>>> print(open('coords.txt').read())   # compact mmCIF, C-alpha atoms
# COMPACT_ATOMS: atom_id res chain seq x y z
CA MET N 1 90.86 21.52 -154.95
CA THR N 2 88.61 24.52 -154.12
CA HIS N 3 87.41 22.46 -151.19
CA MET N 4 90.96 22.10 -149.90
CA LYS N 5 91.59 25.81 -150.33
CA PHE N 6 88.38 26.64 -148.43
CA LEU N 7 89.33 24.27 -145.62
CA GLY N 8 92.77 25.85 -145.52
CA THR N 9 91.26 29.34 -145.14
CA ILE N 10 88.99 28.15 -142.31
CA LEU N 11 91.84 26.41 -140.52
CA SER N 12 94.18 29.38 -140.74
CA ALA N 13 91.35 31.69 -139.57
CA CYS N 14 90.71 29.37 -136.62
CA PHE N 15 94.38 29.30 -135.85
CA LEU N 16 94.69 33.09 -135.88
CA ALA N 17 91.59 33.76 -133.81
CA ALA N 18 91.81 30.57 -131.72
CA CYS N 19 88.62 29.37 -133.45
CA SER N 20 86.65 32.05 -131.68
CA SER N 21 83.30 33.59 -132.58
CA THR N 22 81.76 36.86 -131.39
CA LYS N 23 78.08 37.62 -130.90
CA VAL N 24 76.98 41.19 -130.13
CA VAL N 25 73.50 42.27 -129.00
CA LEU N 26 72.41 45.90 -128.61
CA VAL N 27 69.91 46.32 -125.72
CA ARG N 28 68.02 49.10 -123.94
CA ASP N 29 69.66 50.62 -120.88
CA ALA N 30 67.75 51.04 -117.57
CA ASN N 31 66.21 54.30 -118.89
CA GLY N 32 64.99 52.61 -122.08
CA THR N 33 67.57 54.37 -124.26
CA VAL N 34 69.07 52.55 -127.24
CA GLY N 35 72.42 53.70 -128.67
CA GLN N 36 74.50 52.32 -131.52
CA VAL N 37 77.32 49.85 -131.83
CA SER N 38 79.53 49.21 -134.84
CA VAL N 39 81.00 45.72 -135.28
CA THR N 40 84.10 45.76 -137.47
CA THR N 41 86.34 43.03 -138.90
CA SER N 42 89.13 43.16 -141.48
CA SER N 43 86.57 42.67 -144.26
CA GLY N 44 83.53 44.67 -143.23
CA GLN N 45 81.28 46.36 -140.73
CA GLN N 46 77.70 46.14 -139.41
CA LEU N 47 75.96 48.87 -137.46
CA LEU N 48 73.37 47.91 -134.83
CA ASN N 49 70.91 50.65 -133.82
CA GLN N 50 67.68 48.90 -132.76
CA ALA N 51 66.86 47.26 -129.42
CA GLY N 52 67.59 43.52 -129.53
CA GLU N 53 69.51 43.73 -132.80
CA SER N 54 72.33 41.21 -133.04
CA THR N 55 75.19 40.25 -135.34
CA LYS N 56 77.77 37.47 -135.30
CA VAL N 57 81.38 37.20 -136.45
CA THR N 58 82.51 33.64 -137.03
CA TYR N 59 86.11 34.48 -137.86
CA ALA N 60 88.21 37.60 -138.14
CA GLN N 61 88.42 37.68 -141.94
CA LYS N 62 84.64 37.50 -142.39
CA THR N 63 82.08 40.31 -142.58
CA PRO N 64 79.71 40.33 -139.56
CA THR N 65 76.35 38.66 -140.35
CA THR N 66 73.30 40.70 -141.39
CA PRO N 67 71.67 41.95 -138.13
CA VAL N 68 68.62 40.12 -136.77
CA VAL N 69 66.40 41.19 -133.86
CA LEU N 70 66.43 38.75 -130.93
CA ASN N 71 63.49 38.46 -128.52
CA LYS N 72 63.81 38.43 -124.71
CA ALA N 73 63.81 34.60 -124.50
CA GLN N 74 66.65 34.35 -127.02
CA ILE N 75 68.67 36.97 -125.11
CA ASP N 76 67.99 35.31 -121.72
CA ALA N 77 69.05 31.91 -123.07
CA ARG N 78 72.59 33.20 -123.54
CA PHE N 79 72.93 35.95 -120.97
CA SER N 80 70.63 35.18 -117.98
CA ALA N 81 73.50 34.25 -115.60
CA LEU N 82 75.14 37.57 -116.39
CA LEU N 83 71.99 39.72 -116.30
CA ALA N 84 71.06 38.34 -112.85
CA ASN N 85 74.28 39.73 -111.40
CA GLU N 86 74.43 43.24 -112.88
CA PRO N 87 75.17 46.03 -110.39
CA LYS N 88 72.48 48.66 -109.92
CA PRO N 89 73.40 51.52 -112.27
CA PRO N 90 74.73 54.64 -110.51
CA ILE N 91 72.13 57.10 -109.17
CA ARG N 92 72.66 60.54 -110.73
CA TYR N 93 71.57 63.88 -109.35
CA ILE N 94 71.96 67.14 -111.27
CA LEU N 95 72.16 70.30 -109.15
CA TYR N 96 71.94 73.75 -110.80
CA PHE N 97 73.77 76.95 -109.82
CA LYS N 98 73.30 80.69 -110.07
CA PHE N 99 75.22 82.58 -112.78
CA ASP N 100 79.02 82.74 -112.23
CA SER N 101 78.45 81.42 -108.71
CA VAL N 102 78.93 78.43 -106.43
CA THR N 103 75.50 79.09 -104.87
CA LEU N 104 72.81 76.51 -105.65
CA GLN N 105 69.48 77.42 -107.18
CA PRO N 106 66.85 77.12 -104.40
CA ARG N 107 65.13 74.05 -105.95
CA SER N 108 68.45 72.21 -106.27
CA ALA N 109 69.41 73.07 -102.67
CA LYS N 110 66.29 71.19 -101.56
CA ARG N 111 67.52 67.98 -103.22
CA LEU N 112 70.49 67.55 -100.88
CA SER N 113 68.37 65.66 -98.33
CA SER N 114 67.36 63.13 -101.01
CA ILE N 115 71.03 62.66 -101.95
CA LEU N 116 71.90 61.93 -98.31
CA LYS N 117 69.02 59.44 -98.10
CA ASN N 118 70.21 57.52 -101.17
CA ILE N 119 73.85 57.43 -100.01
CA ALA N 120 72.61 55.90 -96.74
CA ALA N 121 70.28 53.42 -98.51
CA ARG N 122 73.12 52.12 -100.72
CA GLN N 123 75.65 52.35 -97.88
CA SER N 124 77.80 53.87 -100.60
CA CYS N 125 81.40 54.89 -100.07
CA ASP N 126 81.87 55.49 -103.81
CA ILE N 127 80.54 58.91 -104.77
CA SER N 128 81.64 61.26 -107.55
CA ILE N 129 81.02 65.01 -107.50
CA ILE N 130 81.39 66.39 -111.02
CA GLY N 131 81.40 70.13 -111.70
CA HIS N 132 80.35 71.85 -114.94
CA ALA N 133 80.11 75.40 -116.25
CA ASN N 134 78.30 77.01 -119.18
CA ARG N 135 80.17 78.55 -122.12
CA SER N 136 79.76 82.17 -121.09
CA GLY N 137 83.21 83.54 -120.20
CA ASP N 138 86.75 82.24 -120.53
CA GLY N 139 87.31 78.47 -120.83
CA ASN N 140 90.07 78.34 -118.20
CA TYR N 141 88.01 80.44 -115.81
CA ASN N 142 85.06 78.09 -116.35
CA GLU N 143 87.26 75.08 -115.62
CA GLN N 144 88.10 76.59 -112.22
CA LEU N 145 84.47 77.60 -111.65
CA SER N 146 83.31 74.02 -112.30
CA LEU N 147 85.92 72.80 -109.78
CA ARG N 148 84.80 75.34 -107.16
CA ARG N 149 81.17 74.24 -107.62
CA ALA N 150 82.10 70.59 -107.09
CA THR N 151 84.26 71.45 -104.05
CA ASN N 152 81.36 73.41 -102.54
CA ILE N 153 78.97 70.44 -102.87
CA LYS N 154 81.54 68.08 -101.40
CA ALA N 155 81.96 70.43 -98.41
CA LYS N 156 78.16 70.48 -97.90
CA LEU N 157 78.03 66.66 -97.91
CA VAL N 158 80.99 66.46 -95.49
CA ARG N 159 79.13 68.82 -93.12
CA SER N 160 76.14 66.45 -93.38
CA GLY N 161 78.27 63.53 -92.19
CA ILE N 162 79.47 61.89 -95.44
CA LYS N 163 83.13 60.85 -95.17
CA ALA N 164 85.40 62.94 -97.42
CA ALA N 165 87.32 59.73 -98.29
CA CYS N 166 84.15 58.31 -99.90
CA MET N 167 83.93 61.16 -102.44
CA ASP N 168 86.03 62.06 -105.44
CA ILE N 169 85.88 65.29 -107.38
CA ALA N 170 85.99 65.76 -111.13
CA TYR N 171 85.45 68.91 -113.17
CA TYR N 172 84.71 69.18 -116.86
CA GLY N 173 84.68 72.96 -117.34
CA GLU N 174 82.58 73.56 -120.48
CA ASN N 175 83.32 70.17 -122.06
CA ASP N 176 80.21 68.13 -121.22
CA PRO N 177 77.22 70.46 -121.61
CA GLN N 178 73.72 69.19 -120.87
CA ILE N 179 72.58 71.48 -123.68
CA ALA N 180 75.00 72.16 -126.56
CA THR N 181 75.44 75.90 -127.19
CA PRO N 182 77.78 78.18 -129.18
CA ASP N 183 80.75 79.54 -127.21
CA GLY N 184 79.98 82.54 -125.00
CA GLN N 185 76.31 81.68 -124.51
CA ILE N 186 74.63 81.71 -121.10
CA GLU N 187 72.78 78.43 -120.44
CA PRO N 188 71.45 77.83 -116.89
CA LYS N 189 71.13 74.05 -117.50
CA ASN N 190 74.90 73.78 -118.06
CA ARG N 191 75.81 75.46 -114.74
CA ARG N 192 75.61 72.29 -112.74
CA VAL N 193 77.15 69.65 -110.51
CA GLU N 194 76.41 65.98 -111.01
CA VAL N 195 76.41 63.80 -107.91
CA GLN N 196 76.88 60.15 -108.84
CA ILE N 197 76.23 57.52 -106.15
CA ARG N 198 77.67 54.09 -106.98
CA MET C 24 121.41 67.85 -107.08
CA ARG C 25 118.10 69.60 -107.46
CA LEU C 26 117.25 68.22 -110.89
CA PRO C 27 117.43 64.52 -109.91
CA VAL C 28 115.23 65.27 -106.89
CA LEU C 29 112.71 66.96 -109.14
CA ILE C 30 112.75 64.03 -111.57
CA PHE C 31 112.31 61.61 -108.68
CA LEU C 32 109.33 63.59 -107.37
CA LEU C 33 107.80 63.74 -110.85
CA LEU C 34 108.20 59.98 -111.25
CA CYS C 35 106.53 59.44 -107.86
CA LEU C 36 103.65 61.68 -108.94
CA THR C 37 103.14 59.94 -112.27
CA SER C 38 103.27 56.45 -110.82
CA ALA C 39 100.91 57.43 -107.98
CA HIS C 40 98.55 58.81 -110.61
CA SER C 41 98.54 55.69 -112.78
CA ALA C 42 97.96 53.57 -109.67
CA ASP C 43 94.67 55.33 -108.94
CA PRO C 44 91.74 52.91 -109.15
CA ILE C 45 89.44 53.41 -112.15
CA GLY C 46 86.53 51.49 -110.65
CA SER C 47 85.55 48.89 -108.10
CA VAL C 48 83.72 45.56 -107.81
CA LYS C 49 80.05 46.03 -106.89
CA THR C 50 78.59 42.52 -107.29
CA TYR C 51 80.38 39.22 -106.97
CA GLN C 52 79.54 35.52 -107.26
CA PRO C 53 82.41 33.09 -106.55
CA GLU C 54 84.71 32.24 -108.01
CA ALA C 55 86.46 35.12 -109.70
CA VAL C 56 89.90 36.68 -109.57
CA ILE C 57 91.54 39.90 -110.66
CA ILE C 58 95.06 39.81 -112.05
CA HIS C 59 96.64 43.09 -110.97
CA ALA C 60 100.32 43.82 -111.72
CA GLY C 61 101.02 40.09 -112.08
CA GLN C 62 99.34 39.24 -108.75
CA GLU C 63 96.16 37.19 -108.47
CA ILE C 64 93.60 38.79 -106.14
CA GLU C 65 90.40 37.01 -105.08
CA ALA C 66 87.52 39.32 -106.11
CA ALA C 67 85.21 40.75 -103.43
CA VAL C 68 82.74 43.61 -103.23
CA GLY C 69 84.86 46.77 -103.03
CA THR C 70 87.98 45.34 -104.73
CA PRO C 71 89.56 48.23 -106.68
CA ILE C 72 90.09 47.91 -110.44
CA HIS C 73 93.06 49.48 -112.25
CA THR C 74 94.05 50.02 -115.89
CA GLY C 75 95.67 46.85 -117.24
CA ASP C 76 93.84 44.51 -114.85
CA GLN C 77 92.42 41.23 -116.11
CA VAL C 78 89.20 39.91 -114.57
CA ILE C 79 88.65 36.13 -114.72
CA THR C 80 85.46 34.30 -113.67
CA HIS C 81 85.11 30.53 -113.24
CA THR C 82 82.19 28.09 -113.83
CA GLN C 83 79.66 29.77 -111.48
CA GLY C 84 81.45 33.08 -111.14
CA SER C 85 80.27 36.58 -111.97
CA VAL C 86 81.65 40.07 -111.34
CA GLY C 87 79.94 43.47 -111.69
CA ILE C 88 82.16 46.58 -111.87
CA ILE C 89 81.30 50.27 -111.91
CA PHE C 90 83.96 52.60 -113.33
CA ILE C 91 84.62 56.17 -112.16
CA ASP C 92 82.89 57.57 -115.28
CA GLY C 93 79.71 55.64 -114.35
CA ALA C 94 80.19 52.85 -116.93
CA VAL C 95 78.96 49.43 -115.76
CA LEU C 96 80.69 46.16 -116.79
CA THR C 97 79.36 42.74 -115.80
CA LEU C 98 81.13 39.43 -116.52
CA GLY C 99 79.20 36.17 -116.72
CA PRO C 100 80.69 32.72 -115.95
CA GLU C 101 83.90 31.48 -117.63
CA THR C 102 84.91 34.91 -118.83
CA ARG C 103 88.22 36.72 -119.30
CA PHE C 104 88.24 40.50 -119.76
CA THR C 105 91.14 42.99 -119.75
CA ILE C 106 90.92 46.76 -119.34
CA ASP C 107 93.61 47.81 -121.84
CA GLU C 108 93.13 51.57 -121.60
CA PHE C 109 91.13 53.88 -119.36
CA ILE C 110 91.77 57.61 -119.70
CA PHE C 111 89.40 59.94 -117.93
CA ASN C 112 90.51 63.53 -117.97
CA PRO C 113 87.32 65.29 -119.05
CA ALA C 114 88.50 68.86 -118.32
CA GLU C 115 91.13 68.38 -121.08
CA LYS C 116 88.73 66.32 -123.23
CA GLU C 117 91.12 63.35 -122.99
CA VAL C 118 88.95 60.26 -122.57
CA SER C 119 89.25 56.67 -123.75
CA PHE C 120 88.02 53.20 -122.82
CA ILE C 121 89.47 50.13 -124.53
CA GLY C 122 88.41 46.74 -123.18
CA ASN C 123 89.27 43.28 -124.45
CA ILE C 124 87.07 40.21 -124.06
CA ILE C 125 89.07 37.03 -124.63
CA LYS C 126 86.19 34.62 -123.92
CA GLY C 127 82.83 34.39 -122.16
CA THR C 128 79.94 36.84 -121.78
CA ILE C 129 79.79 40.49 -120.73
CA SER C 130 77.33 43.34 -120.55
CA PHE C 131 78.68 46.87 -120.88
CA LEU C 132 76.84 50.13 -120.24
CA SER C 133 78.92 53.13 -121.28
CA GLY C 134 79.31 56.14 -118.98
CA ALA C 135 80.61 59.71 -119.24
CA ILE C 136 83.50 58.71 -121.56
CA GLY C 137 80.95 57.60 -124.15
CA ARG C 138 78.88 60.74 -123.59
CA ILE C 139 81.82 63.16 -124.00
CA SER C 140 83.48 61.34 -126.92
CA PRO C 141 81.32 58.62 -128.47
CA GLU C 142 84.16 57.34 -130.69
CA SER C 143 86.38 56.69 -127.65
CA VAL C 144 84.67 53.57 -126.26
CA LYS C 145 85.94 50.36 -127.87
CA ILE C 146 85.73 46.70 -126.98
CA LYS C 147 87.96 44.24 -128.79
CA THR C 148 87.14 40.56 -129.24
CA PRO C 149 89.34 37.86 -130.87
CA THR C 150 87.46 38.39 -134.16
CA ALA C 151 86.07 41.95 -134.16
CA THR C 152 86.29 45.49 -132.78
CA LEU C 153 83.14 47.04 -131.32
CA GLY C 154 82.67 50.82 -131.35
CA LEU C 155 80.05 52.00 -128.87
CA ARG C 156 78.02 55.14 -129.34
CA GLY C 157 76.24 55.35 -126.01
CA THR C 158 74.27 52.85 -123.98
CA LYS C 159 74.31 49.11 -123.52
CA ILE C 160 75.51 45.96 -125.28
CA LEU C 161 75.83 42.24 -124.57
CA VAL C 162 78.76 40.28 -125.99
CA GLU C 163 79.44 36.55 -126.17
CA VAL C 164 82.80 35.14 -127.25
CA LYS C 165 83.03 31.39 -127.80
>>> encode(input="coords.txt", output="structure tokens")
Amino acid sequence: MTHMKFLGTILSACFLAACSSTKVVLVRDANGTVGQVSVTTSSGQQLLNQAGESTKVTYAQKTPTTPVVLNKAQIDARFSALLANEPKPPIRYILYFKFDSVTLQPRSAKRLSSILKNIAARQSCDISIIGHANRSGDGNYNEQLSLRRATNIKAKLVRSGIKAACMDIAYYGENDPQIATPDGQIEPKNRRVEVQIR
Amino acid sequence: MRLPVLIFLLLCLTSAHSADPIGSVKTYQPEAVIIHAGQEIEAAVGTPIHTGDQVITHTQGSVGIIFIDGAVLTLGPETRFTIDEFIFNPAEKEVSFIGNIIKGTISFLSGAIGRISPESVKIKTPTATLGLRGTKILVEVK
């Protein structure tokens, strides 16, 4: 009787989730950083926060299994076809600016030639220019300042022969600081433009 | 007369905005297709990706995509993945990524959306919901 009930639960679970199971593995990114991932079902949650840690969900009504750490061979066995075809992660440059200005700091100005070299090496026509400002001054003003910084860098790259159509502009104002600060604080590291080459 | 014109222009603007690509194909092994607005497109390096698209790989197929926020998604063979939601408006702090893996294998490396709002990157599977707080995961759905 209990057997039948158990079988019934399994069958209905399989029916609902098309008899599907999920395996999740947390891994290091190209910089060696490990983040966190939560795995949630209707009856519970597991949090993975170590490199190689893995959990499995056999059906939607079940709590994810207790995490275990997989070694490289175990990961490759399942994911090698996928890992062999991963795109190179975007190349990121961070350029710093003078206070309340669209003028680059001298050391950052020198990095433009390296940016041009990497765009050429990747033959990239998929480049983002992302402007930021620090939290000194008005938020709306800083939004416009971050846009002007990005526009200025795009103009420099256009003058160096990069097609304008290959670049898009984004601006975050104060919303994505490199260093978190209270509002109103001057922070040179947050006055920046990120150039992302994909 | 002027109001309908204005509404028409607004509609044009909104639809043009939602049609902007959110990423593009960077690596490709045949065979793989992208279902965009009900049309099947053979994947190739440079194929644009839009919100709502489904990416499907076959027996030997693989597709690597980089999104405009720098996130990297790779599909292994025999995989189906849909991008349900992609909102990237960092100046207004409106960001969200919701993906859906129906079957197969993927790797996902989160980008600026995850950096700005760690709770806003989610991947759904038939049995679970994954909440990413930065960096990289591998997922297999059988």
>>> residues_around(input="coords.txt", residues="Glu117 of chain C", least_positions_apart="5", cutoff="10 Å", atoms="only C-alpha atoms", output="list in words")
Ile110, Phe111, Asn112, Ile136, Ile139, Ser140 and Ser143 of chain C
>>> residues_around(input="coords.txt", residues="Ala51 of chain N", least_positions_apart="4", cutoff="10 Å", atoms="all atoms listed in the file", output="PDB file with C-alpha atoms, keeping the file's coordinate frame")
ATOM      1  CA  VAL N  25      73.500  42.270-129.000  1.00  0.00           C
ATOM      2  CA  LEU N  26      72.410  45.900-128.610  1.00  0.00           C
ATOM      3  CA  VAL N  27      69.910  46.320-125.720  1.00  0.00           C
ATOM      4  CA  ARG N  28      68.020  49.100-123.940  1.00  0.00           C
ATOM      5  CA  ASP N  29      69.660  50.620-120.880  1.00  0.00           C
ATOM      6  CA  GLY N  32      64.990  52.610-122.080  1.00  0.00           C
ATOM      7  CA  THR N  33      67.570  54.370-124.260  1.00  0.00           C
ATOM      8  CA  VAL N  34      69.070  52.550-127.240  1.00  0.00           C
ATOM      9  CA  GLY N  35      72.420  53.700-128.670  1.00  0.00           C
ATOM     10  CA  GLN N  36      74.500  52.320-131.520  1.00  0.00           C
ATOM     11  CA  VAL N  69      66.400  41.190-133.860  1.00  0.00           C
ATOM     12  CA  LEU N  70      66.430  38.750-130.930  1.00  0.00           C
ATOM     13  CA  ASN N  71      63.490  38.460-128.520  1.00  0.00           C
TER      14      ASN N  71
ATOM     15  CA  LYS C 159      74.310  49.110-123.520  1.00  0.00           C
ATOM     16  CA  ILE C 160      75.510  45.960-125.280  1.00  0.00           C
TER      17      ILE C 160
END
>>> closest_residue(input="coords.txt", among="C:Gly137, C:Gly127, C:Gly93, C:Gly122", to="chain N", atoms="all atoms listed in the file")
C:Gly93
>>> axis_aligned_box(input="coords.txt", around="segment 87-94 of chain C", padding_each_side="4 Å", output="lines of an AutoDock Vina configuration file")
center_x = 82.2
center_y = 50.5
center_z = -114.3
size_x = 12.9
size_y = 22.1
size_z = 13.2
>>> atom_distance(input="coords.txt", atom1="atom CA of Arg103 of chain C", atom2="atom CA of Lys49 of chain C")
17.5 Å
>>> closest_atom_pairs(input="coords.txt", of="segment 55-156 of chain C", to="segment 116-135 of chain N", cutoff="10 Å", atoms="all atoms listed in the file", output="tab-separated table")
residue	atom	partner	partner_atom	distance
C:Gly69	CA	N:Asp126	CA	9.3
C:Ile89	CA	N:Asp126	CA	9.7
C:Ile91	CA	N:Ser128	CA	7.5
C:Asp92	CA	N:Ser128	CA	8.7
C:Gly93	CA	N:Ser128	CA	9.0
C:Ala114	CA	N:His132	CA	9.3
>>> write_last_selection(input="coords.txt", atoms="C-alpha atoms", output="tab-separated table (two decimals), keeping the file's coordinate frame")
chain	number	residue	atom	x	y	z
C	69	GLY	CA	84.86	46.77	-103.03
C	89	ILE	CA	81.30	50.27	-111.91
C	91	ILE	CA	84.62	56.17	-112.16
C	92	ASP	CA	82.89	57.57	-115.28
C	93	GLY	CA	79.71	55.64	-114.35
C	114	ALA	CA	88.50	68.86	-118.32
>>> closest_residue(input="coords.txt", among="N:Gly173, N:Gly184, N:Gly137, N:Pro67", to="chain C", atoms="all atoms listed in the file")
N:Gly173
>>> closest_atom_pairs(input="coords.txt", of="chain N", to="chain C", cutoff="7 Å", atoms="only C-alpha atoms", output="tab-separated table")
residue	atom	partner	partner_atom	distance
N:Ala17	CA	C:Pro149	CA	5.5
N:Ser20	CA	C:Lys165	CA	5.3
N:Ser21	CA	C:Lys165	CA	5.3
N:Thr22	CA	C:Val164	CA	4.6
N:Lys23	CA	C:Glu163	CA	5.0
N:Val24	CA	C:Val162	CA	4.6
N:Val25	CA	C:Leu161	CA	5.0
N:Leu26	CA	C:Ile160	CA	4.6
N:Val27	CA	C:Ile160	CA	5.6
N:Arg28	CA	C:Lys159	CA	6.3
N:Asp29	CA	C:Lys159	CA	5.6
N:Thr33	CA	C:Thr158	CA	6.9
N:Val34	CA	C:Thr158	CA	6.1
N:Gly35	CA	C:Gly157	CA	4.9
N:Gln36	CA	C:Arg156	CA	5.0
N:Val37	CA	C:Leu155	CA	4.6
N:Ser38	CA	C:Gly154	CA	5.0
N:Val39	CA	C:Leu153	CA	4.7
N:Thr40	CA	C:Thr152	CA	5.2
N:Thr41	CA	C:Ala151	CA	4.9
N:Val57	CA	C:Thr150	CA	6.6
N:Tyr59	CA	C:Thr150	CA	5.5
N:Ala60	CA	C:Thr150	CA	4.1
N:Ala81	CA	C:Gly99	CA	6.1
N:Leu82	CA	C:Gly99	CA	4.3
N:Asn85	CA	C:Thr50	CA	6.6
N:Glu86	CA	C:Gly87	CA	5.6
N:Pro87	CA	C:Gly87	CA	5.6
N:Pro89	CA	C:Val95	CA	6.9
N:Pro90	CA	C:Gly93	CA	6.4
N:Glu143	CA	C:Ala114	CA	6.9
N:Tyr171	CA	C:Ala114	CA	6.0
N:Tyr172	CA	C:Ala114	CA	4.1
N:Gly173	CA	C:Ala114	CA	5.7
N:Asn175	CA	C:Ala114	CA	6.5
N:Asp176	CA	C:Ile139	CA	5.9
>>> closest_residue(input="coords.txt", among="C:His81, C:Gly75, C:Ala66, C:His59", to="Ile121 of chain C", atoms="all atoms listed in the file")
C:Gly75
>>> atom_distance(input="coords.txt", atom1="atom CA of Ile64 of chain C", atom2="atom CA of Glu108 of chain C")
20.1 Å
>>> atom_distance(input="coords.txt", atom1="atom CA of Lys154 of chain N", atom2="atom CA of Gly139 of chain N")
22.8 Å
